[in-house]
Amino acid sequence: MPPGAQMSAWVTQFVGSVPAFDDFMRLMVNDFFIPVTICLILLGLWVGHPDPTRREHLQRTVISACIAIGASSAVVELINLHQFWPRPYELLHSANQAMQALHYPSLDPSFPSNVATISFAAATGAWLGHRKAGIILYVLASIWALSRFYAGMHFFVDIAGGAAIGVLTSLITTKVLMPRIEPIPTLALRLARFLYIA
């Protein structure tokens, strides 16, 4: 059994106990509500500030966050080439019942969690440029990831591993990569302004 199987079995046994909570988690666990909200927050950072200097800073923040999302996803794919962890619902009866009640099966490996990886990459990228937006995204990322744990989609170690990959990738992207690839971000922003999308 993967690490944390007992914890997953204990948590998923509560699915079905409180229907109102299950309804909330069914909304949180899906592939649309929180991802779209994250995208809308990043879009708000892109267009939402009237001061040109501050707006450019936030647009660079969004570019960095988007690169981090892509880079962290690539890290997950590389990990998945070398190992394939089964998901909780494939091993645990209670997790299988939870998955059927709240979500649907996935063909991806359980470790690391793609959801945790991309959402924490986005949150960290945003936090480095706009603290309030970053905090909101961290809350959304945590809810999305934990809802997958509750729904029997991931073990807790999958969530923790994905979050760590997302945070580290975003830090490296913002602090190391972005300064070294100049003037590419500047040219990208100029092109965006020329196309009236920045």
# chains A, B, ... in the order shown; residues from 1 in each chain; ligands from 1

$ residues_around --residues "A:Phe14" --least-positions-apart "3" --cutoff "9 Å" --atoms "only C-alpha atoms" --output "PyMOL selection string"
chain A and resi 10-11+17-18+94+98+150

$ select_by_dssp --residues "stretch 56-127 of chain A" --states "alpha helix (DSSP H)" --output "compact mmCIF listing (two decimals) with C-alpha atoms, in the first residue's frame"
# COMPACT_ATOMS: atom_id res chain seq x y z
CA GLU A 56 3.18 45.92 -16.20
CA HIS A 57 4.50 44.46 -12.92
CA LEU A 58 1.33 42.40 -12.52
CA GLN A 59 1.43 41.28 -16.15
CA ARG A 60 4.97 40.02 -15.61
CA THR A 61 3.65 38.22 -12.53
CA VAL A 62 0.98 36.51 -14.61
CA ILE A 63 3.51 35.52 -17.29
CA SER A 64 5.75 34.02 -14.63
CA ALA A 65 2.83 32.14 -13.04
CA CYS A 66 1.77 30.72 -16.42
CA ILE A 67 5.32 29.58 -17.20
CA ALA A 68 5.48 27.96 -13.76
CA ILE A 69 2.22 26.11 -14.41
CA GLY A 70 3.61 24.71 -17.64
CA ALA A 71 7.01 23.86 -16.17
CA SER A 72 5.53 22.15 -13.10
CA SER A 73 3.24 20.11 -15.34
CA ALA A 74 6.30 19.01 -17.31
CA VAL A 75 7.98 17.91 -14.07
CA VAL A 76 4.92 15.80 -13.22
CA GLU A 77 5.02 14.19 -16.66
CA LEU A 78 8.69 13.32 -16.23
CA ILE A 79 7.97 11.73 -12.85
CA ASN A 80 5.10 9.75 -14.33
CA LEU A 81 7.40 8.31 -16.99
CA HIS A 82 9.33 6.49 -14.29
CA PRO A 88 -6.83 5.36 -3.59
CA TYR A 89 -10.08 4.35 -5.25
CA GLU A 90 -8.24 1.52 -7.00
CA LEU A 91 -7.06 0.07 -3.69
CA HIS A 93 -13.28 0.27 -0.91
CA SER A 94 -14.23 3.48 0.94
CA ALA A 95 -12.19 5.59 -1.50
CA ASN A 96 -13.89 3.89 -4.45
CA GLN A 97 -17.30 4.71 -3.00
CA ALA A 98 -16.19 8.30 -2.38
CA MET A 99 -14.94 8.68 -5.94
CA GLN A 100 -18.19 7.34 -7.38
CA ALA A 101 -20.22 9.70 -5.19
CA LEU A 102 -18.20 12.86 -5.88
CA ASN A 114 -1.59 17.41 -11.03
CA VAL A 115 -4.23 19.52 -9.31
CA ALA A 116 -1.95 20.43 -6.41
CA THR A 117 0.99 21.02 -8.74
CA ILE A 118 -0.63 23.52 -11.09
CA SER A 119 -2.76 25.31 -8.50
CA PHE A 120 0.14 25.84 -6.06
CA ALA A 121 2.36 26.95 -8.96
CA ALA A 122 -0.25 29.55 -9.88
CA ALA A 123 -0.71 30.64 -6.27
CA THR A 124 3.01 31.02 -5.63
CA GLY A 125 3.56 32.90 -8.88
CA ALA A 126 0.75 35.30 -8.01
CA TRP A 127 1.87 35.68 -4.38

$ closest_residue --among "A:Pro86, A:Pro50, A:Pro35, A:Ala151" --to "A:Asp23" --atoms "only C-alpha atoms"
A:Ala151

$ atom_distance --atom1 "atom CA of A:Phe111" --atom2 "atom CA of A:Phe156"
9.6 Å

$ residues_around --residues "stretch 146-148 of chain A" --least-positions-apart "4" --cutoff "7 Å" --atoms "only C-alpha atoms" --output "MDAnalysis selection string"
chainID A and resid 25 28:29 142 152:154

$ atom_distance --atom1 "atom CA of A:Phe21" --atom2 "atom CA of A:Ser8"
17.6 Å

$ atom_distance --atom1 "atom CA of A:Asn30" --atom2 "atom CA of A:Trp144"
8.4 Å

$ closest_residue --among "A:Ile172, A:Ala133, A:Leu128, A:Val47" --to "A:Arg193" --atoms "only C-alpha atoms"
A:Val47
